[in-house]
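Okay, structure first, notes after.
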Amino acid sequence: MTSQVPQRPWLQRWHVKPIGWTLLLVGLLIASSRMTGVDVGMFFSNLGQFTDLLVRMSRPAWDYLPVILQPLYETIQMAILGTTIGAAFAVPFAVLAASNLVHNRWLRGIIRLILDLVRTLPDLLLAAIFVAIFGIGSTAGVVTLAIFSFGMVSKLFYEVIETIDMGPLEALESVGANKLTIIWYAVLPQILNQFVSYFLYTLEINVRASTVLGYLGAGGIGVFLQRSLNQFNYSQTAVIILATLVVVMVIDGISNHLRRVLL
Amino acid sequence: MEATPIISFKNVNKIYDNGTVGLKDINFDIPRGEFLVVVGLSGAGKSTLLRTINRMHEITSGEIRIENEPISQYKGRSLRLLRRKIGMIFQNFNLVKRSSVAKNVLAGRVSYYPTWKSILSLFSAADKQKAVQSLQRVSLAEKLYARADELSGGQQQRVAIARTLMQDPKIILADEPIASLDPLTTKTVMDILKRLNQEDGITVIVNLHSVALARAYADRIVGLRAGEVVYDEPIGQVTEADLNRVYQTV
Amino acid sequence: MQTTISKEPLSLTLWRRWQWLLWLAVVAVVYTWAVTGLHFTGLQESAASVSRSIVHGLVQPDWSYVYNGSGEDLVSLILQTLAIAFLGTFISALISVPFAFWAARSGKEWLHVRSGSGKVVLTLIRTFPEIVLAIMFIKAVGPGSYAGVLAVSIHSIGMLGKLFSEAIENMDRGAEEAITSAGGNGAQIFILATLPTIMPEFISYTLYRFEIAVRSASILGMVGAGGIGTPMIFAIQTRNWPRVGIILLGIVLMVLLIDSLSEQLRKRLI
């Protein structure tokens with residue numbers, strides 16, 4: 001009846017794993033704090049300046065609002081165009097990266113590698129480069145957002161494609177339809193709603209992103225954000241941030257509603 | 001003279017906030033050391049009935065006494081002390097899946113420790129020994145250092161029973177303890193409960209779907225339908241036909 | 001009576017049939033607005049030649065910048081970037097826990113006032129631009145990676161708090177119930193049941209957020225908050241394309257490495 005009590009394994013007796021992970025974590029934390037010069041005291045000794053800034057931000061200059069309406073529109077326009085262009089380019093890449101449609105492992109691997117590489121680049125970094133190429137203005141912003149959403153959307157898209165039901169495809173294949181016909185009649189109807197949903201989701205993210213792109217000269221509200229910050233005009237900064245918040249929330253709301261209707 | 005029952009229900013009613021009736025005029029006593037099986041369809045109020053005994057659910061009116069003490073007055077520490085003497089077993093075992101069996105079993109002992117000690121897992125050597133003994137009673141001592149989610153369903157339920165034993169319970173409530181198990185492990189788990197009942201004199205109250213199992217293990221069967229006791233007989237007088245009444249709809 | 005019965009479905013089918021036309025019109029209006037609103041003027045003549053020199057720089061990166069022992073080289077600054085992301089995410093994860101419990105729905109509360117307010121606060125934090133936070137913290141602690149750490153710590157709360165609170169809402173309450181029924185008090189339930197149940201998910205989300213933080217830490221330097229972003233923006237402004245090339249290469253490798261490392265850790269966790 002009485003079963004054998006086991007010997008505690010060596011690893012557990014000395015708590016090797018938890019102690020190892022804790023030491024690693026503490027080591028990394030200490031190294032990181034030394035490398036970044038984190039100093040709790042410094043934050044509190046400068047707290048006066050910080051609170052001063054907060055106080056000034058807490059009094060938004062509402063008369064600045066009419067000035068920033070146009071750039072706010074521009075921000076949304078940039079996001080819409082950038083997302084659309086990015087998504088349009090993403091579709092063929094997504095098809096080529098989907099393992100159930102493309103059986104050539106090499107082609108798929110190369111396409112995925114390209115997509116992975118694109119996704120590693122932060123949006124502001126792209127913006128800085130495209131401002132250098134296209135000059136200051138919304139063109140750089142649109143291109144940045146297009147590339148940024150291309151990387152994101154193509155991954156979301158090919159993951160959707162990989163989940164489709166292969167039945168209709170095989171039916172069309174068996175009657176000898178060509179690849180494009182198959183995609184049009186068998187793939188597209190299955191994924192259209194999810195595509196639109198992911199498109200809207202990307203648009204939400206791009207609206208958020210586009211509000212700061214202008215900080216580096218890539219058009220939209222960010223230009224004014226940078227201006228107000230450089231002029232230490234924090235009451236204007238506050239208006240810009242509040243207006244951005246409202247825009248982002250409205251877009252999120254519309255997009256969430258549409259996505260719920262779609263799915 | 002008849003001994004006082006360990007649990008007694010008097011005119012117990014439970015109405016949920018949304019108006020549904022959970023329990024309706026429940027009246028019965030459970031003598032010490034009984035193996036009671038509550039049968040009924042799902043939604044009949046079995047689970048609610050069980051949970052009113054350790055106050056995991058509150059009742060709307062009436063009185064529940066445990067060892068002749070009305071339990072509705074308990075609060076804070078006294079409520080926790082009440083719960084300490086009532087062990088509970090669940091359908092889904094309710095273990096911390098990623099912790100070791102030892103940790104899960106020791107957790108059953110929490111109410112014997114001050115907060116700070118249990119938070120730091122400073123359990124005494126005696127209680128660690130007790131954990132091994134509890135596991136031995138469910139024949140699982142060899143899994144002491146295994147992770148809970150490495151065990152099969154039946155084994156997890158046995159760990160849960162070992163955890164409950166750490167409370168030194170006088171009563172064990174088992175809410176559909178075998179609903180997620182296959183027939184073979186079902187027998188193992190029910191046998192363990194029966195043994196605890198007979199060897200330790202623990203009063204056991206089990207909710208079951210299966211009438212066959214109820215007849216195999218119970219000293220007495222109570223049938224619930226729509227929150228009402230529609231059947232209450234000692235095992236000697238249980239007949240199949242009578243029991244079917246419990247399962248009639250409306 | 002008769003007419004209303006037959007009319008209803010007819011108008012409904014009509015609506016269904018022509019609904020797409022309405023959507024098409026809406027989409028057309030939105031796109032017309034978007035395209036006509038933007039003016040693509042200011043396009044530089046030099047765009048082509050600049051692009052060419054960028055590509056040229058990218059294929060001939062400035063290898064000498066990789067390591068020169070000055071502490072201002074690529075390796076040192078990449079490490080600093082990782083340090084900003086790591087410390088910021090760690091601090092943020094700690095602060096996010098109480099926020100998450102604030103914003104998690106619990107069924108018991110009245111009209112979700114508590115969780116609703118928590119969710120609004122998290123949305124506000126999430127929407128507040130990270131670089132503005134960085135600039136604000138630069139005012140407080142001066143330019144450098146400390147400001148970056150603070151910006152990442154605060155900004156990440158918005159997302160981590162949301163992910164954590166969803167994890168709490170969806171968690172298995174079984175272990176909590178078991179400890180409650182064994183007579184445990186609130187603190188015991190939390191430490192012995194809630195935390196061990198939820199911890200793997202919290203850690204997994206924190207790792208995921210760390211991946212994102214690495215990306216943002218590499219651009220925070222563009223506003224002066226430390227890390228690799230500072231030499232990057234400087235190299236772009238001075239048109240030092242070989243330098244830009246090597247930094248881009250460094251960032252890409254760093255992100256790929258961290259992503260795959262974190263992904264493997266997360267797979268082992270869940």
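Residues in the structure tokens are named by chain (A, B, ... in the order shown) and by number from 1 within that chain; ligands are numbered from 1 in the order shown.
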- For chain B, work out the contacting residues on chain C at 12 Å, counting only C-alpha atoms, and write them as an NGL selection string. :C and (108 or 171-201 or 269-270)
- Query: Given a cut-off of 6 Å, which residues of chain C touch chain A, counting only C-alpha atoms, written out as a VMD selection string?
  - Reply: chain C and resid 34 40 43 to 44 47 50 83 140 to 141 145 to 146 215 252 255
- Item | Filtered DSSP result for range 15-174 of chain B, state helix (DSSP H, G or I), as number ranges by chain | B: 46-53, 76-84, 101-112, 115-119, 125-137, 141-143, 148-150, 153-165
- Message: Need to verify the contact set: Gln237 in chain B, 12 Å, only C-alpha atoms, exclusion of same-chain residues closer than 2 positions in sequence. Can you return it as JSON, numbers by chain?
- Response: {"B": [215, 218, 219, 220, 221, 231, 232, 233, 234, 235, 239, 240, 241, 242, 243]}
Residues of the last selection are to be written out with N, CA and C atoms, as a short mmCIF file (atom, residue, chain, number, x, y, z; two decimals), in the first residue's frame.
data_model
loop_
_atom_site.label_atom_id
_atom_site.label_comp_id
_atom_site.auth_asym_id
_atom_site.auth_seq_id
_atom_site.Cartn_x
_atom_site.Cartn_y
_atom_site.Cartn_z
N ARG B 215 -25.18 4.13 -6.09
CA ARG B 215 -25.65 2.92 -5.41
C ARG B 215 -24.49 2.07 -4.93
N ALA B 218 -22.75 4.72 -1.78
CA ALA B 218 -23.43 5.55 -0.79
C ALA B 218 -23.96 4.75 0.39
N ASP B 219 -24.02 5.44 1.57
CA ASP B 219 -24.82 4.92 2.67
C ASP B 219 -26.25 5.39 2.50
N ARG B 220 -26.36 6.52 1.80
CA ARG B 220 -27.66 7.16 1.67
C ARG B 220 -27.63 8.04 0.43
N ILE B 221 -28.75 8.11 -0.25
CA ILE B 221 -28.80 8.91 -1.47
C ILE B 221 -29.85 10.00 -1.33
N TYR B 231 -35.92 13.20 -3.13
CA TYR B 231 -35.63 11.81 -2.83
C TYR B 231 -34.64 11.78 -1.68
N ASP B 232 -34.86 10.93 -0.70
CA ASP B 232 -33.93 10.83 0.42
C ASP B 232 -34.12 9.49 1.09
N GLU B 233 -33.27 8.53 0.75
CA GLU B 233 -33.43 7.18 1.29
C GLU B 233 -32.09 6.58 1.67
N PRO B 234 -32.03 5.79 2.76
CA PRO B 234 -30.83 5.00 3.02
C PRO B 234 -30.67 3.95 1.93
N ILE B 235 -29.44 3.50 1.74
CA ILE B 235 -29.12 2.70 0.57
C ILE B 235 -29.95 1.41 0.50
N THR B 239 -34.50 1.99 -4.71
CA THR B 239 -34.85 1.17 -5.86
C THR B 239 -34.67 1.99 -7.12
N GLU B 240 -34.36 1.30 -8.19
CA GLU B 240 -34.10 1.95 -9.47
C GLU B 240 -35.28 2.83 -9.88
N ALA B 241 -36.46 2.32 -9.76
CA ALA B 241 -37.65 3.04 -10.22
C ALA B 241 -37.82 4.35 -9.48
N ASP B 242 -37.61 4.29 -8.16
CA ASP B 242 -37.73 5.51 -7.36
C ASP B 242 -36.72 6.56 -7.80
N LEU B 243 -35.51 6.05 -8.00
CA LEU B 243 -34.43 6.98 -8.34
C LEU B 243 -34.70 7.70 -9.64
#
- Please provide the set of residues having any atom within 10 Å of range 29-36 of chain B, restricted to only C-alpha atoms, with same-chain residues fewer than 6 positions apart removed, written as a ChimeraX atom specification. /B:2-10,64-67,170-173,193-194,196-207,214,217-222,234-235
- Message: List as a list in words the protein and nucleic acid residues near range 247-249 of chain C, meaning an atom at most 10 Å away when only C-alpha atoms are counted, but skip any in the same chain fewer than 5 places from it.
- Response: Thr120, Leu121 and Leu125 of chain A; Leu58, Pro61, Asp62, Trp63, Tyr65, Val66, Asp73, Leu74, Val75, Leu77, Ile78, Ile228, Gly229, Pro231, Met232, Ala235, Trp241, Pro242 and Met254 of chain C
- Message: Could you work out which residues of chain B fall inside 6 Å of chain A? Count only C-alpha atoms, and format the result as a list in words.
- Response: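 Therefore, the residues near the partner are Gln136, Ser139, Ala141 and Glu142 of chain B.
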With N, CA and C atoms kept, could you save the residues just selected as a short mmCIF file (atom, residue, chain, number, x, y, z; two decimals), in the first residue's frame?
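In the end it all went to selection22.cif:
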data_model
loop_
_atom_site.label_atom_id
_atom_site.label_comp_id
_atom_site.auth_asym_id
_atom_site.auth_seq_id
_atom_site.Cartn_x
_atom_site.Cartn_y
_atom_site.Cartn_z
N GLN B 136 0.91 9.12 0.62
CA GLN B 136 0.96 7.67 0.74
C GLN B 136 -0.46 7.09 0.85
N SER B 139 -1.63 6.65 -2.41
CA SER B 139 -0.64 5.86 -3.17
C SER B 139 0.07 6.67 -4.24
N ALA B 141 3.00 8.73 -3.27
CA ALA B 141 4.19 9.34 -2.68
C ALA B 141 5.33 9.44 -3.68
N GLU B 142 5.37 8.52 -4.63
CA GLU B 142 6.49 8.56 -5.57
C GLU B 142 6.42 9.78 -6.48
#
Would you list, as an mmCIF file with C-alpha atoms, in the first residue's frame, the residues of range 65-175 of chain B that end up in strand (DSSP E) under DSSP run on this structure's backbone?
data_model
loop_
_atom_site.group_PDB
_atom_site.id
_atom_site.type_symbol
_atom_site.label_atom_id
_atom_site.label_comp_id
_atom_site.auth_asym_id
_atom_site.auth_seq_id
_atom_site.Cartn_x
_atom_site.Cartn_y
_atom_site.Cartn_z
ATOM 1 C CA ARG B 65 -25.686 23.947 11.537
ATOM 2 C CA ILE B 66 -22.401 22.141 11.655
ATOM 3 C CA GLU B 69 -23.286 25.520 15.571
ATOM 4 C CA PRO B 70 -25.132 27.781 13.139
ATOM 5 C CA ILE B 86 -14.293 20.838 5.785
ATOM 6 C CA GLY B 87 -12.179 19.543 2.929
ATOM 7 C CA MET B 88 -13.310 20.073 -0.633
ATOM 8 C CA ILE B 89 -12.619 18.146 -3.835
ATOM 9 C CA ILE B 171 -16.094 16.515 6.497
ATOM 10 C CA ILE B 172 -15.112 16.100 2.864
ATOM 11 C CA LEU B 173 -17.253 17.674 0.154
ATOM 12 C CA ALA B 174 -16.639 16.274 -3.300
ATOM 13 C CA ASP B 175 -18.223 18.165 -6.188
#
- Write out as a PyMOL selection string which residues come within 12 Å of Val229 in chain B when counting only C-alpha atoms, dropping same-chain ones fewer than 5 positions away. chain B and resi 9+11-13+22-28+38-40+44-46+49+221-224+245-246
- Task: Please indicate the distance in Å from CA of Gly221 in chain C to CA of Phe234 in chain C, rounded to one decimal place.
- Result: 10.0 Å
